[in-house]
$ cat query.cif   # mmCIF, C-alpha atoms
data_start
#
loop_
_atom_site.group_PDB
_atom_site.id
_atom_site.type_symbol
_atom_site.label_atom_id
_atom_site.label_comp_id
_atom_site.auth_asym_id
_atom_site.auth_seq_id
_atom_site.Cartn_x
_atom_site.Cartn_y
_atom_site.Cartn_z
ATOM 1 C CA MET A 1 9.937 -1.978 9.790
ATOM 2 C CA ILE A 2 7.445 -0.053 7.685
ATOM 3 C CA ILE A 3 8.431 1.696 4.447
ATOM 4 C CA LEU A 4 5.929 3.974 2.772
ATOM 5 C CA CYS A 5 6.556 5.429 -0.657
ATOM 6 C CA SER A 6 4.714 7.132 -3.448
ATOM 7 C CA GLN A 7 6.055 5.539 -6.625
ATOM 8 C CA ASP A 8 9.785 4.782 -6.533
ATOM 9 C CA ILE A 9 10.434 1.580 -4.530
ATOM 10 C CA GLU A 10 14.199 1.533 -5.086
ATOM 11 C CA VAL A 11 14.592 1.990 -1.317
ATOM 12 C CA PHE A 12 14.116 -1.796 -1.393
ATOM 13 C CA ASP A 13 17.723 -2.088 -2.613
ATOM 14 C CA THR A 14 18.979 -0.795 0.751
ATOM 15 C CA LEU A 15 17.369 -3.670 2.670
ATOM 16 C CA LYS A 16 19.443 -6.631 3.803
ATOM 17 C CA ASP A 17 18.362 -10.269 4.115
ATOM 18 C CA VAL A 18 15.151 -9.946 2.126
ATOM 19 C CA ASN A 19 14.635 -13.010 -0.052
ATOM 20 C CA ARG A 20 10.948 -13.954 0.140
ATOM 21 C CA VAL A 21 8.422 -11.330 -0.958
ATOM 22 C CA ALA A 22 4.632 -11.507 -0.598
ATOM 23 C CA PHE A 23 3.275 -9.513 -3.542
ATOM 24 C CA ILE A 24 -0.123 -8.038 -2.668
ATOM 25 C CA GLY A 25 -1.853 -6.427 -5.640
ATOM 26 C CA ASN A 26 -5.368 -6.093 -4.202
ATOM 27 C CA ALA A 27 -5.403 -2.320 -4.715
ATOM 28 C CA LYS A 28 -6.031 -3.111 -8.390
ATOM 29 C CA ASP A 29 -8.894 -5.587 -7.800
ATOM 30 C CA MET A 30 -11.371 -3.288 -9.543
ATOM 31 C CA TYR A 31 -9.463 -3.571 -12.849
ATOM 32 C CA GLU A 32 -9.879 -6.468 -15.213
ATOM 33 C CA ASP A 33 -6.448 -5.760 -16.723
ATOM 34 C CA LYS A 34 -3.817 -5.920 -13.990
ATOM 35 C CA SER A 35 -0.841 -6.059 -16.348
ATOM 36 C CA GLY A 36 0.527 -2.845 -14.794
ATOM 37 C CA LEU A 37 1.539 -4.930 -11.783
ATOM 38 C CA GLU A 38 3.989 -6.917 -13.900
ATOM 39 C CA LYS A 39 6.505 -4.036 -13.823
ATOM 40 C CA TRP A 40 6.723 -4.388 -10.046
ATOM 41 C CA ARG A 41 6.884 -8.188 -10.137
ATOM 42 C CA ASP A 42 9.798 -7.812 -12.561
ATOM 43 C CA PHE A 43 11.436 -5.343 -10.173
ATOM 44 C CA PHE A 44 11.676 -7.994 -7.439
ATOM 45 C CA ARG A 45 12.479 -10.886 -9.793
ATOM 46 C CA SER A 46 15.312 -8.921 -11.406
ATOM 47 C CA ARG A 47 16.874 -8.745 -7.955
ATOM 48 C CA GLY A 48 16.671 -12.520 -7.547
ATOM 49 C CA LYS A 49 13.851 -12.484 -5.003
ATOM 50 C CA GLU A 50 11.384 -15.300 -4.472
ATOM 51 C CA LEU A 51 8.000 -13.766 -5.192
ATOM 52 C CA ASP A 52 4.539 -15.096 -4.356
ATOM 53 C CA ASP A 53 1.266 -13.427 -5.237
ATOM 54 C CA VAL A 54 -0.970 -13.203 -2.172
ATOM 55 C CA ASP A 55 -4.620 -12.325 -2.769
ATOM 56 C CA LEU A 56 -6.084 -11.089 0.512
ATOM 57 C CA ARG A 57 -9.562 -12.178 -0.585
ATOM 58 C CA ASP A 58 -8.468 -15.801 -0.102
ATOM 59 C CA PHE A 59 -7.748 -15.434 3.639
ATOM 60 C CA ASN A 60 -9.152 -14.761 7.087
ATOM 61 C CA ALA A 61 -7.250 -13.303 10.057
ATOM 62 C CA GLU A 62 -5.817 -16.629 11.222
ATOM 63 C CA SER A 63 -4.764 -17.850 7.785
ATOM 64 C CA ILE A 64 -3.312 -14.496 6.656
ATOM 65 C CA LEU A 65 -1.211 -14.342 9.826
ATOM 66 C CA GLU A 66 0.144 -17.816 9.140
ATOM 67 C CA LYS A 67 0.758 -17.014 5.456
ATOM 68 C CA LEU A 68 2.458 -13.628 5.752
ATOM 69 C CA THR A 69 4.805 -14.555 8.594
ATOM 70 C CA GLN A 70 6.525 -16.881 6.086
ATOM 71 C CA TYR A 71 7.944 -13.879 4.206
ATOM 72 C CA ASP A 72 10.708 -11.350 4.736
ATOM 73 C CA LEU A 73 8.709 -8.542 3.139
ATOM 74 C CA MET A 74 5.095 -7.756 2.241
ATOM 75 C CA TYR A 75 4.808 -5.484 -0.798
ATOM 76 C CA PHE A 76 1.482 -3.657 -1.150
ATOM 77 C CA ALA A 77 1.221 -2.359 -4.716
ATOM 78 C CA GLY A 78 -0.458 0.881 -5.654
ATOM 79 C CA GLY A 79 -3.949 1.230 -7.045
ATOM 80 C CA ASN A 80 -7.131 2.296 -5.286
ATOM 81 C CA ALA A 81 -6.674 2.884 -1.537
ATOM 82 C CA PHE A 82 -10.358 2.222 -0.819
ATOM 83 C CA VAL A 83 -10.255 -1.144 -2.588
ATOM 84 C CA LEU A 84 -7.057 -2.092 -0.765
ATOM 85 C CA LEU A 85 -8.373 -1.070 2.660
ATOM 86 C CA GLU A 86 -11.547 -3.055 2.017
ATOM 87 C CA ALA A 87 -9.475 -6.164 1.175
ATOM 88 C CA ILE A 88 -7.319 -5.658 4.274
ATOM 89 C CA LYS A 89 -10.334 -5.344 6.558
ATOM 90 C CA GLU A 90 -12.308 -8.167 4.908
ATOM 91 C CA SER A 91 -9.354 -10.551 5.277
ATOM 92 C CA GLY A 92 -8.767 -9.621 8.923
ATOM 93 C CA LEU A 93 -5.231 -8.455 8.141
ATOM 94 C CA ASP A 94 -5.938 -5.213 10.012
ATOM 95 C CA ALA A 95 -6.349 -7.234 13.220
ATOM 96 C CA VAL A 96 -3.103 -9.197 12.862
ATOM 97 C CA LEU A 97 -0.763 -6.815 11.033
ATOM 98 C CA GLY A 98 0.938 -5.815 14.303
ATOM 99 C CA LYS A 99 1.819 -9.466 14.984
ATOM 100 C CA ILE A 100 3.236 -9.863 11.473
ATOM 101 C CA LEU A 101 5.378 -6.751 11.888
ATOM 102 C CA ALA A 102 6.495 -7.930 15.350
ATOM 103 C CA ALA A 103 7.633 -11.188 13.730
ATOM 104 C CA GLY A 104 10.095 -9.103 11.683
ATOM 105 C CA VAL A 105 8.259 -9.004 8.361
ATOM 106 C CA ILE A 106 8.838 -5.692 6.562
ATOM 107 C CA TYR A 107 5.863 -3.728 5.206
ATOM 108 C CA LEU A 108 6.596 -1.928 1.913
ATOM 109 C CA GLY A 109 3.629 0.133 0.776
ATOM 110 C CA GLN A 110 3.548 1.943 -2.534
ATOM 111 C CA SER A 111 0.953 4.655 -3.206
ATOM 112 C CA ALA A 112 -2.332 3.056 -2.001
ATOM 113 C CA GLY A 113 -0.200 0.695 0.096
ATOM 114 C CA SER A 114 1.158 3.769 1.880
ATOM 115 C CA VAL A 115 -2.142 5.604 2.153
ATOM 116 C CA VAL A 116 -3.862 2.800 4.118
ATOM 117 C CA MET A 117 -1.194 2.975 6.851
ATOM 118 C CA GLY A 118 -2.269 6.490 7.830
ATOM 119 C CA LYS A 119 -5.068 7.655 10.110
ATOM 120 C CA SER A 120 -7.719 7.864 7.400
ATOM 121 C CA ILE A 121 -8.205 7.457 3.680
ATOM 122 C CA TYR A 122 -11.320 9.642 3.660
ATOM 123 C CA TYR A 123 -9.318 12.624 2.454
ATOM 124 C CA LEU A 124 -8.205 10.802 -0.701
ATOM 125 C CA THR A 125 -11.608 10.789 -2.422
ATOM 126 C CA GLU A 126 -10.255 13.350 -4.891
ATOM 127 C CA MET A 127 -7.573 10.866 -5.955
ATOM 128 C CA ASP A 128 -9.297 7.464 -5.664
ATOM 129 C CA ASP A 129 -12.906 6.500 -6.252
ATOM 130 C CA PRO A 130 -14.420 4.998 -3.074
ATOM 131 C CA SER A 131 -17.386 3.530 -4.999
ATOM 132 C CA PHE A 132 -15.205 0.588 -6.079
ATOM 133 C CA ALA A 133 -15.108 -0.573 -2.428
ATOM 134 C CA LYS A 134 -18.758 -1.515 -2.032
ATOM 135 C CA LYS A 135 -18.455 -3.049 1.460
ATOM 136 C CA LEU A 136 -16.148 -0.413 2.969
ATOM 137 C CA THR A 137 -18.068 1.918 5.281
ATOM 138 C CA ASP A 138 -15.275 2.967 7.661
ATOM 139 C CA TYR A 139 -12.485 4.964 6.026
ATOM 140 C CA SER A 140 -10.240 4.836 9.090
ATOM 141 C CA GLY A 141 -6.775 3.802 8.032
ATOM 142 C CA LEU A 142 -4.584 1.331 9.883
ATOM 143 C CA GLY A 143 -3.049 4.126 11.967
ATOM 144 C CA TYR A 144 0.610 3.144 11.826
ATOM 145 C CA VAL A 145 1.504 6.743 10.933
ATOM 146 C CA ASP A 146 -0.071 9.781 12.574
ATOM 147 C CA CYS A 147 -0.985 11.564 9.365
ATOM 148 C CA VAL A 148 -2.816 11.231 6.083
ATOM 149 C CA ILE A 149 -0.445 10.136 3.320
ATOM 150 C CA VAL A 150 -1.009 11.889 -0.021
ATOM 151 C CA PRO A 151 1.115 10.194 -2.710
ATOM 152 C CA HIS A 152 2.210 11.527 -6.117
ATOM 153 C CA ALA A 153 2.502 15.102 -4.860
ATOM 154 C CA ASP A 154 4.879 16.099 -7.668
ATOM 155 C CA ASN A 155 3.325 14.032 -10.468
ATOM 156 C CA PRO A 156 1.571 16.229 -13.083
ATOM 157 C CA LYS A 157 -0.962 13.433 -13.706
ATOM 158 C CA TYR A 158 -2.279 13.902 -10.146
ATOM 159 C CA ALA A 159 -1.781 17.669 -9.847
ATOM 160 C CA GLY A 160 -5.509 18.482 -9.804
ATOM 161 C CA ALA A 161 -6.307 15.881 -7.144
ATOM 162 C CA VAL A 162 -3.302 16.839 -4.998
ATOM 163 C CA GLU A 163 -4.212 20.518 -5.154
ATOM 164 C CA ALA A 164 -7.863 19.799 -4.305
ATOM 165 C CA ILE A 165 -6.795 17.733 -1.272
ATOM 166 C CA ARG A 166 -4.401 20.483 -0.190
ATOM 167 C CA ARG A 167 -7.055 23.194 -0.618
ATOM 168 C CA MET A 168 -9.890 21.313 1.112
ATOM 169 C CA HIS A 169 -8.027 19.667 3.977
ATOM 170 C CA SER A 170 -4.827 21.574 4.849
ATOM 171 C CA GLY A 171 -5.036 22.857 8.397
ATOM 172 C CA LYS A 172 -7.842 20.412 9.258
ATOM 173 C CA VAL A 173 -5.780 17.234 9.310
ATOM 174 C CA ASN A 174 -2.073 16.396 9.275
ATOM 175 C CA LEU A 175 -1.365 15.791 5.576
ATOM 176 C CA LYS A 176 1.959 14.304 4.452
ATOM 177 C CA PHE A 177 2.531 14.887 0.747
ATOM 178 C CA LEU A 178 4.964 12.379 -0.763
ATOM 179 C CA ASP A 179 6.781 13.151 -3.999
ATOM 180 C CA GLU A 180 7.397 10.232 -6.361
ATOM 181 C CA LYS A 181 10.919 9.565 -5.069
ATOM 182 C CA GLU A 182 10.186 10.202 -1.366
ATOM 183 C CA TYR A 183 9.646 7.580 1.265
ATOM 184 C CA ILE A 184 9.092 7.253 5.007
ATOM 185 C CA VAL A 185 10.799 4.580 7.101
ATOM 186 C CA ILE A 186 9.432 3.590 10.497
ATOM 187 C CA GLU A 187 11.724 1.308 12.472
#
$ encode --input "query.cif" --output "structure tokens"
Amino acid sequence: MIILCSQDIEVFDTLKDVNRVAFIGNAKDMYEDKSGLEKWRDFFRSRGKELDDVDLRDFNAESILEKLTQYDLMYFAGGNAFVLLEAIKESGLDAVLGKILAAGVIYLGQSAGSVVMGKSIYYLTEMDDPSFAKKLTDYSGLGYVDCVIVPHADNPKYAGAVEAIRRMHSGKVNLKFLDEKEYIVIE
């Protein structure tokens, strides 16, 4: 199962039999201060979940497959989609994600974690700065959804970026604008 959301991850509360959560905060690797992630760690802890931080930079394809299949759910926090996609590709997770999902591990992507599951992140340059992902040359997403996810569609903070994306790319590519409380579930 894949769940893609913009901001609100309360859809998590509808899931059954989820106890072990892999918390992946690599989308914030470009920031020295990552304290904003603590809100989301607290979200899972307050629900009595066992939570482990998993830094994709510490793994290769074989070891990340072994690590992530130990969990019920992988949570990909928001941040910079380019930085996250770079970490996913550098770790080899892109090559083994299908096996992890087939093993029954749920993918919960928030913001950047949702964006990378689409066809491309190229169209998000108005929202996220690609220069933070120095090694990323291919902006192809993971392709688990047949569209380009644009999060925060109703958030005034991102209004300029969302409108620029809409103006420049509507009609050229299948854009899916997600409001803060919207989510997509793929069984």
$ closest_atom_pairs --input "query.cif" --of "range 20-100 of chain A" --to "range 117-134 of chain A" --cutoff "7 Å" --atoms "only C-alpha atoms" --output "JSON lines"
{"residue": "A:Met30", "atom": "CA", "partner": "A:Phe132", "partner_atom": "CA", "distance": 6.5}
{"residue": "A:Asn80", "atom": "CA", "partner": "A:Asp128", "partner_atom": "CA", "distance": 5.6}
{"residue": "A:Ala81", "atom": "CA", "partner": "A:Asp128", "partner_atom": "CA", "distance": 6.7}
{"residue": "A:Phe82", "atom": "CA", "partner": "A:Pro130", "partner_atom": "CA", "distance": 5.4}
{"residue": "A:Val83", "atom": "CA", "partner": "A:Ala133", "partner_atom": "CA", "distance": 4.9}
{"residue": "A:Glu86", "atom": "CA", "partner": "A:Ala133", "partner_atom": "CA", "distance": 6.2}
$ residues_around --input "query.cif" --residues "Val145 in chain A" --least-positions-apart "3" --cutoff "10 Å" --atoms "all atoms listed in the file" --output "list in words"
Ile2, Leu4, Ser114, Val115, Val116, Met117, Gly118, Lys119, Ser120, Gly141, Leu142, Val148, Ile149, Lys176, Ile184 and Ile186 of chain A
$ closest_residue --input "query.cif" --among "A:Tyr158, A:Phe23, A:Met168, A:Ser91" --to "Asp42 in chain A" --atoms "all atoms listed in the file"
A:Phe23
$ closest_residue --input "query.cif" --among "A:Gly143, A:Gly98, A:Gly25, A:Gly104" --to "Leu56 in chain A" --atoms "all atoms listed in the file"
A:Gly25
$ closest_residue --input "query.cif" --among "A:Phe76, A:Tyr71, A:Tyr183, A:Tyr144" --to "Gly113 in chain A" --atoms "only C-alpha atoms"
A:Phe76
$ atom_distance --input "query.cif" --atom1 "CA of Lys135 in chain A" --atom2 "CA of Asp55 in chain A"
17.2 Å
$ residues_around --input "query.cif" --residues "Gln70 in chain A" --least-positions-apart "6" --cutoff "9 Å" --atoms "all atoms listed in the file" --output "tab-separated table (two decimals) with C-alpha atoms, in the coordinates of the input"
chain	number	residue	atom	x	y	z
A	20	ARG	CA	10.95	-13.95	0.14
A	22	ALA	CA	4.63	-11.51	-0.60
A	105	VAL	CA	8.26	-9.00	8.36
$ resolve_selection --input "query.cif" --expression "the PyMOL selection byres ((chain A and resi 19) around 8)" --output "list in words"
Asp17, Val18, Arg20, Val21, Gly48, Lys49, Glu50, Tyr71 and Asp72 of chain A
$ closest_residue --input "query.cif" --among "A:Ala161, A:Ala95, A:Ile100, A:Leu84" --to "Lys28 in chain A" --atoms "all atoms listed in the file"
A:Leu84
$ closest_atom_pairs --input "query.cif" --of "range 69-88 of chain A" --to "range 35-41 of chain A" --cutoff "12 Å" --atoms "all atoms listed in the file" --output "CSV"
residue,atom,partner,partner_atom,distance
A:Tyr75,CA,A:Trp40,CA,9.5
A:Phe76,CA,A:Trp40,CA,10.4
A:Ala77,CA,A:Leu37,CA,7.5
A:Gly78,CA,A:Leu37,CA,8.7
A:Gly79,CA,A:Leu37,CA,9.5
$ atom_distance --input "query.cif" --atom1 "CA of Asp58 in chain A" --atom2 "CA of Gly92 in chain A"
10.9 Å
$ closest_residue --input "query.cif" --among "A:Asp52, A:Glu66, A:Glu180, A:Asp138" --to "Glu90 in chain A" --atoms "all atoms listed in the file"
A:Asp138
$ atom_distance --input "query.cif" --atom1 "CA of Met1 in chain A" --atom2 "CA of Leu136 in chain A"
27.0 Å
$ resolve_selection --input "query.cif" --expression "the PyMOL selection byres ((chain A and resi 5) around 8)" --output "PyMOL selection string"
chain A and resi 3-4+6-9+108-111+114+151+178+180-184
$ closest_residue --input "query.cif" --among "A:Leu51, A:Leu85, A:Leu68, A:Val162" --to "Ala102 in chain A" --atoms "all atoms listed in the file"
A:Leu68
$ build_atoms --input "query.cif" --residues "range 135-160 of chain A" --atoms "N, CA and C atoms" --output "compact mmCIF listing (two decimals), in the coordinates of the input"
# COMPACT_ATOMS: atom_id res chain seq x y z
N LYS A 135 -18.20 -2.63 0.08
CA LYS A 135 -18.45 -3.05 1.46
C LYS A 135 -17.77 -2.15 2.49
N LEU A 136 -16.92 -1.25 2.04
CA LEU A 136 -16.15 -0.41 2.97
C LEU A 136 -17.00 0.77 3.43
N THR A 137 -17.28 0.82 4.72
CA THR A 137 -18.07 1.92 5.28
C THR A 137 -17.25 2.78 6.23
N ASP A 138 -16.14 2.26 6.72
CA ASP A 138 -15.28 2.97 7.66
C ASP A 138 -13.96 3.27 6.96
N TYR A 139 -13.68 4.54 6.75
CA TYR A 139 -12.48 4.96 6.03
C TYR A 139 -11.29 5.18 6.95
N SER A 140 -11.39 4.75 8.19
CA SER A 140 -10.24 4.84 9.09
C SER A 140 -9.12 3.97 8.54
N GLY A 141 -7.93 4.56 8.48
CA GLY A 141 -6.78 3.80 8.03
C GLY A 141 -6.27 2.90 9.15
N LEU A 142 -5.14 2.28 8.92
CA LEU A 142 -4.58 1.33 9.88
C LEU A 142 -3.88 2.03 11.03
N GLY A 143 -3.56 3.31 10.87
CA GLY A 143 -3.05 4.13 11.97
C GLY A 143 -1.60 3.89 12.37
N TYR A 144 -0.80 3.35 11.49
CA TYR A 144 0.61 3.14 11.83
C TYR A 144 1.44 4.42 11.67
N VAL A 145 0.89 5.41 10.98
CA VAL A 145 1.50 6.74 10.93
C VAL A 145 0.43 7.75 11.32
N ASP A 146 0.85 8.80 12.01
CA ASP A 146 -0.07 9.78 12.57
C ASP A 146 -0.33 10.93 11.60
N CYS A 147 -0.70 10.56 10.38
CA CYS A 147 -0.98 11.56 9.36
C CYS A 147 -1.80 10.91 8.26
N VAL A 148 -2.16 11.72 7.29
CA VAL A 148 -2.82 11.23 6.08
C VAL A 148 -1.79 11.33 4.97
N ILE A 149 -1.44 10.18 4.40
CA ILE A 149 -0.44 10.14 3.32
C ILE A 149 -1.13 10.53 2.01
N VAL A 150 -0.53 11.48 1.30
CA VAL A 150 -1.01 11.89 -0.02
C VAL A 150 0.13 11.63 -1.00
N PRO A 151 0.03 10.53 -1.78
CA PRO A 151 1.12 10.19 -2.71
C PRO A 151 1.06 11.03 -3.99
N HIS A 152 2.12 10.93 -4.77
CA HIS A 152 2.21 11.53 -6.12
C HIS A 152 2.13 13.05 -6.10
N ALA A 153 2.63 13.65 -5.03
CA ALA A 153 2.50 15.10 -4.86
C ALA A 153 3.16 15.91 -5.97
N ASP A 154 4.19 15.36 -6.61
CA ASP A 154 4.88 16.10 -7.67
C ASP A 154 4.61 15.54 -9.06
N ASN A 155 3.63 14.65 -9.18
CA ASN A 155 3.32 14.03 -10.47
C ASN A 155 2.24 14.85 -11.17
N PRO A 156 2.55 15.40 -12.36
CA PRO A 156 1.57 16.23 -13.08
C PRO A 156 0.24 15.51 -13.33
N LYS A 157 0.27 14.21 -13.48
CA LYS A 157 -0.96 13.43 -13.71
C LYS A 157 -1.95 13.60 -12.55
N TYR A 158 -1.44 13.79 -11.34
CA TYR A 158 -2.28 13.90 -10.15
C TYR A 158 -2.37 15.33 -9.60
N ALA A 159 -1.87 16.29 -10.34
CA ALA A 159 -1.78 17.67 -9.85
C ALA A 159 -3.13 18.21 -9.40
N GLY A 160 -4.19 17.98 -10.17
CA GLY A 160 -5.51 18.48 -9.80
C GLY A 160 -6.01 17.88 -8.51
